[in-house]
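A short worksheet on the structure shown next.
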Amino acid sequence: MISYEKEYDNVLDELQDRGYFDNTTDEAALRELLAAGPVTFYIGFDATADSLTVGHFIQIMVMMRMQAYGHRPVALLGGGTTMIGDPSGRSDMRKVMSEEQIDHNAERFYEQLSRFIDFNDDRALVLNNKDWLLNLNFLQFMREVGVHFNVGEMIKKDAYRKRLETGGLTFFEFAYMLLQSYDFLELYRRVGCRLQLGGSDQWANIIGGADLIRKVEGEQAFGMTFKLLTTADGVKMGKSMKGAVWLDKEKTSPYDLYQYMRNVDDRDVQKFLLQLTFLPKQRCIELGSATDERINEGKEILAYEVTRLVHGEEEADKARETARALFGAGQDEANMPTAEVAIDGDSIGLLNLLTAAGLTASNGEARRLIQQGGIAIDDEKITDVGLEIPKERLEQGITVKKGKKVYLRVTGK
């Protein structure tokens with residue numbers, strides 16, 4: 001398990017100081033609760049895929065920090081709620097998944113979470129809400145839970161209001177808030193859970209659960225949200241030209257994860273060091289506040305630390321060595337790093353190729369680089385931002401030069 005030297009007496013101070021904290025139901029009372037002794041808290045993970053993503057890593061970091069301060073995490077796998085799907089942030093209904101696929105995904109989530117969270121000796125729990133949701137009696141549920149939810153208030157929440165404005169909301173999805181609120185009630189009853197954590201897009205669902213515990217049990221429960229992991233451009237982090245950036249190394253290799261983090265915008269370096277690593281706060285600020293080429297040291301350390309946390313020191317070392325070879329290999333093909341990109345059709349645009357290969361963080365950066373004369377293919381400088389590379393040529397492989405020192409052998413499939 002990861003260990004680090006805590007810099008605060010109360011974990012709430014650390015979450016606030018490092019930029020995680022967004023909102024809470026009662027900050028003064030929560031601070032007192034966290035200072036009084038171990039608190040059981042939970043974060044839910046709907047099993048919509050067979051791997052967690054970089055987008056989930058912010059939640060994992062919060063869980064690790066909370067556990068380091070002596071609090072007990074509950075990783076709640078959404079074997080039941082995934083059968084509906086959270087409408088928050090969605091413009092359409094999620095694809096309905098089979099129970100078998102959801103169970104498989106939930107098992108994979110637990111395997112991945114176990115690399116970060118210590119589940120030994122009751123220090124953390126993993127539960128699955130299918131255990132209490134799949135066999136619910138509808139009438140009993142509506143009598144116990146549904147009676148406490150006002151429809152007029154619910155449809156004012158962003159999660160529902162936006163869907164109603166953009167084409168409608170099924171009753172199927174409308175029930176999600178009730179189910180997540182019931183999860184909090186069940187965890188309070190089963191394991192004494194007093195606190196639910198989640199991204200800022202979960203605020204409505206979280207306060208729904210805290211209110212339900214107050215109404216049914218007459219006890220105070222707490223909710224706290226943290227900011228979503230977004231880039232300086234306001235885009236949700238965790239997407240690349242190849243798709244989602246996964247924590248499963250078979251889906252996103254350690255090298256690709258390293259390169260993804262290495263290519264973040266300069267403006268994001270300090271924030272990501274603070275939130276995605278355990279480096280001391282002052283060191284994060286020092287590395288992330290550089291305004292010249294020294295920012296690259298911060299990017300390299302960020303990439304190494306995230307890759308080390310996710311895949312271990314050995315894989316992080318190899319990724320860093322490969323990346324350094326890419327940035328200084330020269331034209332010796334025997335030592336030159338390679339990248340394989342997927343081609344959908346007879347060709348791929350150069351902008352897409354550069355980003356998919358990890359040479360640029362976005363198509364916008366690729367366009368600027370080409371316009372500035374910073375890209376050459378097989379020793380020929382490229383100035384056409386609309387250039388299409390034929391599939392046949394990529395199958396044989398091309399050498400892409402970025403700037404003066406960066407070489408990469410790129411092949412297509």
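Following the order of the structure tokens, chains are lettered A, B, ..., residues in each are numbered from 1, and ligands are numbered from 1.
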Among range 49-211 of chain A, which ones does DSSP assign to helix (DSSP H, G or I) (computed from the backbone)? Answer as a ChimeraX atom specification.
/A:54-68,81-83,99-113,120-122,130-133,138-144,146-148,151-154,158-165,171-174,176-191,200-211
Test item: residues at most 10 Å from Leu187 in chain A, only C-alpha atoms, excluding those fewer than 5 positions along its chain, as number ranges by chain:
A: 40-42, 74, 76, 127, 129, 182, 192-196
Per DSSP on the backbone, filter range 41-95 of chain A down to the residues in strand (DSSP E) and report them as a PyMOL selection string.
chain A and resi 41-45+72-77
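Every protein, DNA or RNA residue with an atom at most 10 Å from Asn205 in chain A, where only C-alpha atoms count and chain neighbours fewer than 6 positions away do not, is listed here: Asp86, Ser88, Met154, Lys157, Ala159, Tyr176, Met177, Leu178, Leu179, Gln180, Ser181, Phe184, Gln196, Gly198 and Gly223 of chain A.
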Hey, what's within 8 Å of range 375-386 of chain A if we count only C-alpha atoms and toss same-chain stuff fewer than 3 positions away? As a PyMOL selection string, please?
chain A and resi 349-351+367+369-371+398-403
Might you pull out every residue within 9 Å of His56 in chain A, with only C-alpha atoms counted and same-chain residues fewer than 5 positions away left off, and present them as a PDB file with N, CA, C and O atoms, in the first residue's frame?
ATOM      1  N   PHE A  45     -19.014   3.218  -7.223  1.00  0.00           N
ATOM      2  CA  PHE A  45     -18.434   3.020  -8.541  1.00  0.00           C
ATOM      3  C   PHE A  45     -19.391   2.179  -9.382  1.00  0.00           C
ATOM      4  O   PHE A  45     -19.461   0.956  -9.202  1.00  0.00           O
ATOM      5  N   MET A  61      -7.526   8.718  -5.153  1.00  0.00           N
ATOM      6  CA  MET A  61      -6.588   9.512  -4.357  1.00  0.00           C
ATOM      7  C   MET A  61      -7.253  10.021  -3.081  1.00  0.00           C
ATOM      8  O   MET A  61      -6.629  10.022  -1.999  1.00  0.00           O
ATOM      9  N   LEU A 229     -12.039  16.193 -12.199  1.00  0.00           N
ATOM     10  CA  LEU A 229     -10.695  16.363 -12.750  1.00  0.00           C
ATOM     11  C   LEU A 229     -10.821  16.889 -14.178  1.00  0.00           C
ATOM     12  O   LEU A 229     -11.122  16.146 -15.109  1.00  0.00           O
ATOM     13  N   GLY A 238      -9.175  12.514 -18.954  1.00  0.00           N
ATOM     14  CA  GLY A 238      -9.269  11.061 -19.072  1.00  0.00           C
ATOM     15  C   GLY A 238      -9.590  10.576 -20.456  1.00  0.00           C
ATOM     16  O   GLY A 238      -9.849   9.395 -20.669  1.00  0.00           O
ATOM     17  N   LEU A 247      -6.929   2.471 -16.375  1.00  0.00           N
ATOM     18  CA  LEU A 247      -5.960   2.043 -15.382  1.00  0.00           C
ATOM     19  C   LEU A 247      -5.509   0.607 -15.606  1.00  0.00           C
ATOM     20  O   LEU A 247      -4.565   0.143 -14.968  1.00  0.00           O
TER      21      LEU A 247
END
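CA of Ala68 in chain A lies 22.4 Å from CA of Thr53 in chain A.
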